[in-house]
Amino acid sequence: MAEFTLAVKTEELSRVYRVRRREARGGPREVVALDRVNLEVKRGELFGLLGPNGAGKTTLIKILTTLLTPTGGRAWVAGVDVVANPWEVRRHINMVSGGESSGYGLLTVEENLWMFAQFYGIDSKTARRRIRELLEVVGLADRARTKIYHLSTGMRQKMNFVRGFLTDPEILFLDEPTLGLDVQTARTLRRFIKDWLREHPDRTIVLTTHYMHEAEELCDRVAIIDRGRILACDTPQGLKRRLQREAVFRLRVASLPNPNAILRGVRGVRRVAHAERDGHVELQLVLDDEHALMPVLAAVQRANGRLLSLEKREPTLEDVFLRLVGRPLGDGHPQAQNQAQAQDPGGPR
Amino acid sequence: MALLPRATAQESWRSFKTAAWLGWQIESNWTAPFLFAVYSIVKPVAGALILVFMYVVVAQGGLDHPLFPQIFVGNAFYIYVGGVLMGVSWAVIDDREHYGMLKYLYAAPLDIYAYLLGRGVAKAIVSTIAVAVTLLFGALALGLKVSPARVDWAFLLVAWALGLLGLAFLGVLLGGVTLITARHNYYIGEAVAGALYLLCGAVFPLDVLPKGLQLVGQALPLTYWLEALRRALLGRGAGALLAGLSDAQLLLILAGSTLALALLSTAVYRRAERLAKARGLLDMQTMY
Ligand SMILES: Nc1ncnc2c1ncn2[C@@H]1O[C@H](COP(=O)(O)OP(=O)(O)OP(=O)(O)O)[C@@H](O)[C@H]1O
Ligand SMILES: [Mg+2]
């Protein structure tokens with residue numbers, strides 16, 4: 001096994017996508033997907049990349065897994081330069097993307113997995129044992145002999161998840177591994193990820209997600225990424241500690257037209273996010289301190305907003321994100337507005 | 001020998017072997033073996049019958065005309081072009097678009113070049129069945145005179161193997177082109193196979209083509225391949241244009257062009273791969 005202490009290191013890593021004129025259709029001709037990213041992931045870490053849609057998470061994973069060349073900067077995986085020596089990198093890694101149903105439909109679950117193990121040079125006996133164990137974990141054991149065109153999308157995703165762990169990689173990249181899975185399954189997979197790392201302390205996992213609680217629950221350290229830039233990188237505790245002096249409130253108001261305009265000007269208000277929920281307006285506020293609350297309530301009253309409830313909360317990563325980015329996590333994409341919370345499977349409510 | 005410098009021989013071999021297994025599963029995994037058998041017999045025989053129909057009815061040729069066996073044999077072996085050439089080049093796009101697996105293959109310690117050749121093996125096997133069935137049908141039903149005692153088996157085997165290798169390499173080359181041109185070019189393999197069909201003398205001897213096309217035909221390795229196969233099977237080749245070449249010269253041309261294709265396809269594929277990585281095309285989904 002190779003000697004390295006940093007599983008991943010990037011130096012000013014950048015990626016610009018050039019869009020052909022014909023395809024741009026008047027839109028931007030260039031998209032900066034990664035903007036001078038500097039990261040270090042230590043061996044043995046469970047490292048999370050948290051960011052909204054289009055933040056650049058997948059782009060980063062693709063570069064690290066040798067599928068995409070960066071347009072600037074450098075990156076090393078297992079101490080090996082991903083551009084100069086992709087072959088060596090591939091011997092150390094594996095990768096799983098969530099939310100897709102890839103696989104050879106004519107092969108059974110077992111055959112799909114066995115074949116992949118072959119590509120990695122794992123002997124058949126070991127492969128079959130691992131396949132059996134892992135399918136058991138994800139609850140797919142009874143489908144081992146089913147051709148995968150008979151499987152649901154979620155089941156295929158579970159199979160892909162198994163494929164990632166099957167080869168016992170030194171560094172495993174999971175791109176939104178629980179995307180689109182039901183609550184129960186997502187929970188099972190998260191638990192498995194944690195257990196696996198506990199049992200294999202020299203392995204490293206780099207995981208991307210736009211689920212707050214997933215990052216919070218799983219990761220040793222989290223990098224918050226938005227529009228290609230890393231805004232902060234720390235333990236979940238460390239990130240939340242940044243909000244310690246600030247106060248986080250949740251207000252529900254019967255109706256409030258244009259809350260941003262009403263509250264932005266109020267002194268002591270750092271960030272405001274709002275969402276329409278069940279016919280009322282829910283406000284998420286990051287305030288300088290508790291003293292700022294009175295002027296906020298006064299402003300709401302002036303605008304004829306009727307207060308339904310008021311709650312002071314411990315800061316979550318969601319608040320950290322709001323504080324850093326200036327908009328809530330679900331707002332990265334116009335269509336995604338308010339959906340992050342609606343989709344959020346089983347987070348602390 | 002490793003096909004790419006950084007893959008070890010062991011890695012290349014297991015990529016090849018496993019891909020051959022996968023290819024075979026895809027080719028033969030029909031719900032019923034009976035269907036598979038029917039398919040691999042009916043399709044080539046139907047193809048042969050169409051040809052015979054055109055020859056006899058449309059062109060008013062006789063089955064005892066010396067040209068007939070030449071046409072029939074050339075056409076039979078052309079099945080390999082559709083099978084191996086297109087099978088290999090199509091595997092790239094199929095893995096990317098249909099199975100969504102190309103990116104996982106690329107993130108694995110897998111020699112993609114060996115992998116693609118491996119995927120071609122199953123195609124070669126299935127095509128061989130079809131070719132054999134066609135020839136058998138020709139012999140039994142159409143009076144095609146191929147007597148096993150007079151076939152030059154060694155010549156046949158060497159020419160056949162060189163040709164298949166060449167087709168596989170050409171398939172890899174086209175696979176590379178497909179990888180980067182995406183979108184509208186899925187059928188590039190088919191287009192190439194169609195053009196070659198006309199130019200390499202599969203149906204008409206080169207002699208009947210206009211001078212310009214003759215030159216193109218003479219530049220194609222496939223032309224010499226079919227000529228060699230005809231000579232090995234039937235005892236003589238088609239037309240006067242290639243008659244001046246000795247058997248040894250034919251084999252030499254074949255060996256040289258196969259080697260050239262091996263080198264060229266490696267170069268083209270690598271370049272395509274580099275471009276695909278730069279443009280983010282390895283996991284592109286353009287077909288839904
Ligand atoms: N092949 C491409 N061509 C052009 N632009 C691209 C391409 N791939 C990604 N982008 C752009 O790069 C940016 C980052 O995309 P990326 O897929 O890395 O985001 P992400 O964080 O993974 O988002 P999501 O949560 O939606 O998966 C986006 O603005 C996206 O539109
Ligand atoms: Mg993504």
# chains A, B, ... in the order shown; residues from 1 in each chain; ligands from 1
call {"tool": "closest_atom_pairs", "arguments": {"of": "chain B", "to": "ligand 1", "cutoff": "8 Å", "atoms": "only C-alpha atoms and all ligand atoms", "output": "JSON lines"}}
result
{"residue": "B:Arg279", "atom": "CA", "partner": "ligand 1", "partner_atom_place_in_ligand_line": "1 (N)", "distance": 6.9}
{"residue": "B:Gly280", "atom": "CA", "partner": "ligand 1", "partner_atom_place_in_ligand_line": "1 (N)", "distance": 5.3}
{"residue": "B:Leu281", "atom": "CA", "partner": "ligand 1", "partner_atom_place_in_ligand_line": "1 (N)", "distance": 7.0}
{"residue": "B:Met284", "atom": "CA", "partner": "ligand 1", "partner_atom_place_in_ligand_line": "1 (N)", "distance": 7.3}
call {"tool": "select_by_dssp", "arguments": {"residues": "segment 67-307 of chain A", "states": "strand (DSSP E)", "output": "VMD selection string"}}
result
chain A and resid 72 to 77 80 to 81 93 to 97 171 to 175 204 to 209 221 to 226 229 to 234 247 to 253 269 to 277 280 to 287 307
call {"tool": "closest_atom_pairs", "arguments": {"of": "chain A", "to": "chain B", "cutoff": "10 Å", "atoms": "only C-alpha atoms", "output": "CSV"}}
result
residue,atom,partner,partner_atom,distance
A:Arg15,CA,B:Ala278,CA,9.9
A:Val16,CA,B:Arg279,CA,9.8
A:Tyr17,CA,B:Arg279,CA,7.5
A:Arg18,CA,B:Arg279,CA,8.2
A:Val19,CA,B:Arg279,CA,9.6
A:Thr59,CA,B:Gly280,CA,9.1
A:Lys62,CA,B:Gly280,CA,8.7
A:Ile63,CA,B:Lys277,CA,9.2
A:Leu64,CA,B:Ala107,CA,9.6
A:Thr65,CA,B:Ala107,CA,5.8
A:Thr66,CA,B:Ala107,CA,6.5
A:Leu67,CA,B:Lys277,CA,5.8
A:Leu68,CA,B:Lys277,CA,4.6
A:Thr69,CA,B:Ala278,CA,5.0
A:Pro70,CA,B:Ala278,CA,7.5
A:Thr71,CA,B:Ala278,CA,8.1
A:Asn85,CA,B:Arg6,CA,8.4
A:Pro86,CA,B:Ala107,CA,8.8
A:Trp87,CA,B:Arg6,CA,6.3
A:Glu88,CA,B:Arg6,CA,7.9
A:Val89,CA,B:Pro109,CA,8.4
A:Arg90,CA,B:Pro109,CA,5.1
A:Arg91,CA,B:Pro109,CA,5.3
A:His92,CA,B:Pro109,CA,8.7
A:Ile93,CA,B:Ala108,CA,7.6
A:Asn94,CA,B:Ala107,CA,6.7
A:Met95,CA,B:Tyr104,CA,7.1
A:Val96,CA,B:Tyr104,CA,8.0
A:Ser97,CA,B:Tyr104,CA,9.4
A:Glu100,CA,B:Gly100,CA,8.3
A:Ser101,CA,B:Gly100,CA,7.6
A:Ser102,CA,B:Gly100,CA,4.7
A:Gly103,CA,B:Tyr99,CA,5.3
A:Tyr104,CA,B:Tyr99,CA,5.7
A:Gly105,CA,B:Tyr99,CA,7.5
A:Leu106,CA,B:Ile26,CA,6.6
A:Leu107,CA,B:Gln25,CA,7.4
A:Glu111,CA,B:Leu22,CA,9.3
A:Asn112,CA,B:Leu22,CA,9.2
A:Trp114,CA,B:Thr18,CA,9.9
A:Met115,CA,B:Thr18,CA,6.7
A:Phe116,CA,B:Leu105,CA,8.5
A:Ala117,CA,B:Thr18,CA,9.8
A:Gln118,CA,B:Thr18,CA,6.6
A:Phe119,CA,B:Ser15,CA,5.8
A:Tyr120,CA,B:Pro109,CA,6.2
A:Gly121,CA,B:Arg14,CA,7.2
A:Arg163,CA,B:Tyr104,CA,9.9
A:Gly164,CA,B:Tyr104,CA,9.8
A:Thr167,CA,B:Ala108,CA,9.9
call {"tool": "write_last_selection", "arguments": {"atoms": "N, CA and C atoms", "output": "compact mmCIF listing (two decimals), in the first residue's frame"}}
result
# COMPACT_ATOMS: atom_id res chain seq x y z
N ARG A 15 -11.53 25.10 -12.85
CA ARG A 15 -12.10 24.50 -14.04
C ARG A 15 -13.09 25.48 -14.67
N VAL A 16 -12.82 25.80 -15.90
CA VAL A 16 -13.74 26.64 -16.66
C VAL A 16 -14.30 25.79 -17.78
N TYR A 17 -15.62 25.75 -17.89
CA TYR A 17 -16.24 25.06 -19.03
C TYR A 17 -16.49 26.09 -20.12
N ARG A 18 -16.05 25.75 -21.30
CA ARG A 18 -16.37 26.61 -22.43
C ARG A 18 -17.58 26.04 -23.13
N VAL A 19 -18.56 26.86 -23.33
CA VAL A 19 -19.78 26.41 -23.98
C VAL A 19 -19.74 26.88 -25.42
N THR A 59 -17.89 18.54 -10.44
CA THR A 59 -16.71 18.92 -11.22
C THR A 59 -15.44 18.57 -10.46
N LYS A 62 -14.96 14.85 -10.40
CA LYS A 62 -14.54 14.34 -11.70
C LYS A 62 -13.05 14.58 -11.93
N ILE A 63 -12.57 15.72 -11.51
CA ILE A 63 -11.14 15.98 -11.67
C ILE A 63 -10.33 15.03 -10.80
N LEU A 64 -10.79 14.83 -9.57
CA LEU A 64 -10.03 13.98 -8.66
C LEU A 64 -10.07 12.52 -9.07
N THR A 65 -11.12 12.12 -9.78
CA THR A 65 -11.20 10.73 -10.23
C THR A 65 -10.68 10.57 -11.65
N THR A 66 -9.96 11.55 -12.15
CA THR A 66 -9.26 11.51 -13.45
C THR A 66 -10.19 11.50 -14.66
N LEU A 67 -11.42 11.94 -14.49
CA LEU A 67 -12.34 11.94 -15.62
C LEU A 67 -12.35 13.27 -16.37
N LEU A 68 -11.78 14.27 -15.74
CA LEU A 68 -11.85 15.61 -16.31
C LEU A 68 -10.54 16.31 -16.02
N THR A 69 -10.03 17.04 -17.01
CA THR A 69 -8.78 17.77 -16.75
C THR A 69 -9.10 19.16 -16.23
N PRO A 70 -8.37 19.60 -15.24
CA PRO A 70 -8.59 20.97 -14.76
C PRO A 70 -8.08 21.98 -15.79
N THR A 71 -8.58 23.19 -15.72
CA THR A 71 -8.06 24.23 -16.61
C THR A 71 -7.02 25.08 -15.90
N ASN A 85 -0.41 11.48 -13.91
CA ASN A 85 -0.40 10.02 -13.77
C ASN A 85 -1.75 9.46 -13.36
N PRO A 86 -2.75 9.63 -14.23
CA PRO A 86 -4.08 9.14 -13.88
C PRO A 86 -4.11 7.64 -13.61
N TRP A 87 -3.26 6.91 -14.32
CA TRP A 87 -3.26 5.47 -14.15
C TRP A 87 -2.98 5.05 -12.73
N GLU A 88 -1.99 5.70 -12.13
CA GLU A 88 -1.63 5.33 -10.77
C GLU A 88 -2.77 5.73 -9.81
N VAL A 89 -3.37 6.88 -10.06
CA VAL A 89 -4.48 7.32 -9.20
C VAL A 89 -5.59 6.28 -9.18
N ARG A 90 -5.91 5.75 -10.36
CA ARG A 90 -7.04 4.82 -10.48
C ARG A 90 -6.84 3.55 -9.67
N ARG A 91 -5.62 3.21 -9.39
CA ARG A 91 -5.38 2.01 -8.60
C ARG A 91 -5.74 2.22 -7.13
N HIS A 92 -5.92 3.47 -6.73
CA HIS A 92 -6.17 3.76 -5.32
C HIS A 92 -7.61 4.13 -5.01
N ILE A 93 -8.40 4.35 -6.06
CA ILE A 93 -9.70 4.98 -5.79
C ILE A 93 -10.88 4.14 -6.29
N ASN A 94 -12.04 4.58 -5.89
CA ASN A 94 -13.27 4.16 -6.55
C ASN A 94 -14.25 5.32 -6.42
N MET A 95 -15.34 5.25 -7.16
CA MET A 95 -16.24 6.39 -7.20
C MET A 95 -17.67 5.92 -7.42
N VAL A 96 -18.59 6.59 -6.75
CA VAL A 96 -20.01 6.30 -6.96
C VAL A 96 -20.76 7.61 -7.08
N SER A 97 -21.59 7.74 -8.10
CA SER A 97 -22.46 8.91 -8.17
C SER A 97 -23.88 8.48 -7.87
N GLU A 100 -28.41 8.12 -10.25
CA GLU A 100 -28.41 7.61 -11.61
C GLU A 100 -28.56 6.10 -11.58
N SER A 101 -28.95 5.54 -12.71
CA SER A 101 -29.23 4.11 -12.68
C SER A 101 -28.36 3.38 -13.69
N SER A 102 -27.06 3.55 -13.54
CA SER A 102 -26.16 2.92 -14.50
C SER A 102 -25.97 1.44 -14.19
N GLY A 103 -25.49 0.71 -15.18
CA GLY A 103 -25.26 -0.71 -15.03
C GLY A 103 -25.67 -1.45 -16.29
N TYR A 104 -25.17 -2.67 -16.45
CA TYR A 104 -25.51 -3.46 -17.62
C TYR A 104 -26.80 -4.24 -17.36
N GLY A 105 -27.87 -3.78 -18.00
CA GLY A 105 -29.19 -4.30 -17.73
C GLY A 105 -29.35 -5.80 -17.90
N LEU A 106 -28.57 -6.38 -18.80
CA LEU A 106 -28.71 -7.81 -19.07
C LEU A 106 -28.02 -8.67 -18.02
N LEU A 107 -27.15 -8.05 -17.23
CA LEU A 107 -26.46 -8.82 -16.20
C LEU A 107 -27.24 -8.74 -14.90
N GLU A 111 -23.61 -10.32 -11.15
CA GLU A 111 -22.69 -10.30 -12.29
C GLU A 111 -22.11 -8.92 -12.54
N ASN A 112 -22.96 -7.90 -12.45
CA ASN A 112 -22.47 -6.53 -12.60
C ASN A 112 -21.33 -6.26 -11.61
N TRP A 114 -19.56 -8.49 -9.80
CA TRP A 114 -18.42 -9.41 -9.98
C TRP A 114 -17.51 -8.90 -11.10
N MET A 115 -18.14 -8.46 -12.19
CA MET A 115 -17.36 -7.98 -13.32
C MET A 115 -16.48 -6.81 -12.90
N PHE A 116 -17.04 -5.91 -12.13
CA PHE A 116 -16.24 -4.78 -11.71
C PHE A 116 -15.08 -5.19 -10.84
N ALA A 117 -15.34 -6.13 -9.96
CA ALA A 117 -14.25 -6.63 -9.12
C ALA A 117 -13.13 -7.20 -9.99
N GLN A 118 -13.53 -7.83 -11.11
CA GLN A 118 -12.52 -8.38 -12.02
C GLN A 118 -11.62 -7.29 -12.58
N PHE A 119 -12.22 -6.17 -12.94
CA PHE A 119 -11.43 -5.07 -13.49
C PHE A 119 -10.40 -4.58 -12.48
N TYR A 120 -10.71 -4.74 -11.21
CA TYR A 120 -9.78 -4.31 -10.17
C TYR A 120 -8.85 -5.43 -9.73
N GLY A 121 -8.98 -6.57 -10.36
CA GLY A 121 -8.08 -7.67 -10.06
C GLY A 121 -8.36 -8.36 -8.74
N ARG A 163 -20.90 -1.28 -5.33
CA ARG A 163 -19.75 -1.32 -6.24
C ARG A 163 -18.60 -0.46 -5.73
N GLY A 164 -18.95 0.65 -5.11
CA GLY A 164 -17.92 1.54 -4.58
C GLY A 164 -17.10 0.89 -3.47
N THR A 167 -14.48 -2.82 -3.99
CA THR A 167 -13.07 -2.91 -4.34
C THR A 167 -12.17 -2.46 -3.20
call {"tool": "residues_around", "arguments": {"residues": "segment 67-69 of chain B", "least_positions_apart": "5", "cutoff": "10 Å", "atoms": "only C-alpha atoms", "output": "PDB file with C-alpha atoms, in the first residue's frame"}}
result
ATOM      1  CA  VAL B  52     -28.626 -13.720 -54.648  1.00  0.00           C
ATOM      2  CA  TYR B  55     -27.701 -10.926 -58.628  1.00  0.00           C
ATOM      3  CA  VAL B  56     -30.018 -13.338 -60.366  1.00  0.00           C
ATOM      4  CA  GLY B  61     -26.487 -13.203 -63.612  1.00  0.00           C
ATOM      5  CA  GLY B  62     -26.262 -16.968 -63.493  1.00  0.00           C
ATOM      6  CA  GLY B  74     -16.853 -11.485 -50.383  1.00  0.00           C
ATOM      7  CA  ASN B  75     -20.289 -10.680 -49.122  1.00  0.00           C
ATOM      8  CA  GLY B 138     -24.207 -21.164 -50.253  1.00  0.00           C
ATOM      9  CA  ALA B 139     -22.642 -24.595 -50.602  1.00  0.00           C
ATOM     10  CA  LEU B 142     -26.741 -22.456 -54.260  1.00  0.00           C
ATOM     11  CA  GLY B 143     -24.121 -24.829 -55.483  1.00  0.00           C
ATOM     12  CA  LEU B 144     -21.223 -22.756 -54.241  1.00  0.00           C
ATOM     13  CA  LYS B 145     -18.153 -24.879 -54.850  1.00  0.00           C
ATOM     14  CA  VAL B 146     -15.936 -24.808 -51.798  1.00  0.00           C
ATOM     15  CA  VAL B 203     -19.812  -7.185 -54.152  1.00  0.00           C
ATOM     16  CA  PHE B 204     -18.231  -5.931 -57.348  1.00  0.00           C
ATOM     17  CA  PRO B 205     -14.679  -6.710 -58.278  1.00  0.00           C
ATOM     18  CA  ARG B 230     -11.247 -15.616 -51.798  1.00  0.00           C
ATOM     19  CA  LEU B 233     -11.305 -20.528 -50.156  1.00  0.00           C
ATOM     20  CA  LEU B 234     -11.950 -20.602 -53.894  1.00  0.00           C
ATOM     21  CA  GLY B 237      -9.305 -14.055 -56.527  1.00  0.00           C
ATOM     22  CA  ALA B 238     -11.710 -11.636 -58.135  1.00  0.00           C
ATOM     23  CA  GLY B 239     -10.778  -9.568 -61.117  1.00  0.00           C
TER      24      GLY B 239
END
call {"tool": "atom_distance", "arguments": {"atom1": "atom CA of Ile131 of chain A", "atom2": "atom CA of Ala144 of chain A"}}
result
8.8 Å
call {"tool": "residues_around", "arguments": {"residues": "Leu162 of chain B", "least_positions_apart": "5", "cutoff": "12 Å", "atoms": "only C-alpha atoms", "output": "list of chain:residue names"}}
result
B:Phe155, B:Leu156, B:Leu157, B:Leu167, B:Ala168, B:Phe169, B:Pro221, B:Leu222, B:Tyr224, B:Trp225, B:Leu226, B:Ala228, B:Leu229, B:Leu250, B:Leu251, B:Leu252, B:Ile253, B:Leu254, B:Ala255, B:Gly256, B:Ser257, B:Thr258, B:Leu259, B:Ala260, B:Leu261, B:Ala262
call {"tool": "residues_near_ligand", "arguments": {"ligand": "ligand 2", "cutoff": "9 Å", "atoms": "only C-alpha atoms and all ligand atoms", "output": "ChimeraX atom specification"}}
result
/A:52-59,61,97-98,175-176,208-209
call {"tool": "atom_distance", "arguments": {"atom1": "atom CA of Ile125 of chain B", "atom2": "atom CA of Tyr78 of chain B"}}
result
14.2 Å
call {"tool": "closest_residue", "arguments": {"among": "A:Phe4, A:Phe321, A:Trp196, A:Phe161", "to": "Cys233 of chain A", "atoms": "only C-alpha atoms"}}
result
A:Phe321
call {"tool": "residues_around", "arguments": {"residues": "Asp202 of chain A", "least_positions_apart": "4", "cutoff": "10 Å", "atoms": "only C-alpha atoms", "output": "PyMOL selection string"}}
result
chain A and resi 5+7+42-45+170-171+197-198
call {"tool": "atom_distance", "arguments": {"atom1": "atom CA of Leu140 of chain B", "atom2": "atom CA of Val38 of chain B"}}
result
18.2 Å
call {"tool": "residues_around", "arguments": {"residues": "Arg221 of chain A", "least_positions_apart": "2", "cutoff": "6 Å", "atoms": "only C-alpha atoms", "output": "list in words"}}
result
Phe47, Cys219, Asp234 and Thr235 of chain A
call {"tool": "write_last_selection", "arguments": {"atoms": "C-alpha atoms", "output": "mmCIF file, in the first residue's frame"}}
result
data_model
loop_
_atom_site.group_PDB
_atom_site.id
_atom_site.type_symbol
_atom_site.label_atom_id
_atom_site.label_comp_id
_atom_site.auth_asym_id
_atom_site.auth_seq_id
_atom_site.Cartn_x
_atom_site.Cartn_y
_atom_site.Cartn_z
ATOM 1 C CA PHE A 47 -14.575 14.688 4.239
ATOM 2 C CA CYS A 219 -18.342 14.241 8.157
ATOM 3 C CA ASP A 234 -13.757 23.045 9.229
ATOM 4 C CA THR A 235 -15.368 20.450 11.461
#
call {"tool": "residues_around", "arguments": {"residues": "Lys158 of chain A", "least_positions_apart": "6", "cutoff": "10 Å", "atoms": "only C-alpha atoms", "output": "PDB file with C-alpha atoms, in the first residue's frame"}}
result
ATOM      1  CA  GLY A  98     -25.924   8.947  -6.735  1.00  0.00           C
ATOM      2  CA  SER A 101     -29.228   4.109 -12.680  1.00  0.00           C
ATOM      3  CA  LEU A 134     -22.511  -5.802   1.060  1.00  0.00           C
ATOM      4  CA  LEU A 135     -25.791  -6.716  -0.609  1.00  0.00           C
ATOM      5  CA  VAL A 137     -26.112  -4.501   4.252  1.00  0.00           C
ATOM      6  CA  VAL A 138     -28.055  -2.495   1.678  1.00  0.00           C
ATOM      7  CA  GLY A 139     -30.958  -4.928   1.706  1.00  0.00           C
ATOM      8  CA  LEU A 140     -30.493  -6.165  -1.834  1.00  0.00           C
ATOM      9  CA  SER A 152     -36.010   0.143  -9.642  1.00  0.00           C
ATOM     10  CA  GLY A 164     -17.918   1.535  -4.579  1.00  0.00           C
ATOM     11  CA  PRO A 177     -24.707   8.945  -2.575  1.00  0.00           C
ATOM     12  CA  THR A 178     -28.176   9.240  -1.050  1.00  0.00           C
ATOM     13  CA  LEU A 181     -33.295   7.458  -2.011  1.00  0.00           C
ATOM     14  CA  THR A 185     -32.403   3.572   2.781  1.00  0.00           C
ATOM     15  CA  ALA A 186     -30.518   6.841   3.043  1.00  0.00           C
ATOM     16  CA  LEU A 189     -26.305   3.899   3.776  1.00  0.00           C
TER      17      LEU A 189
END
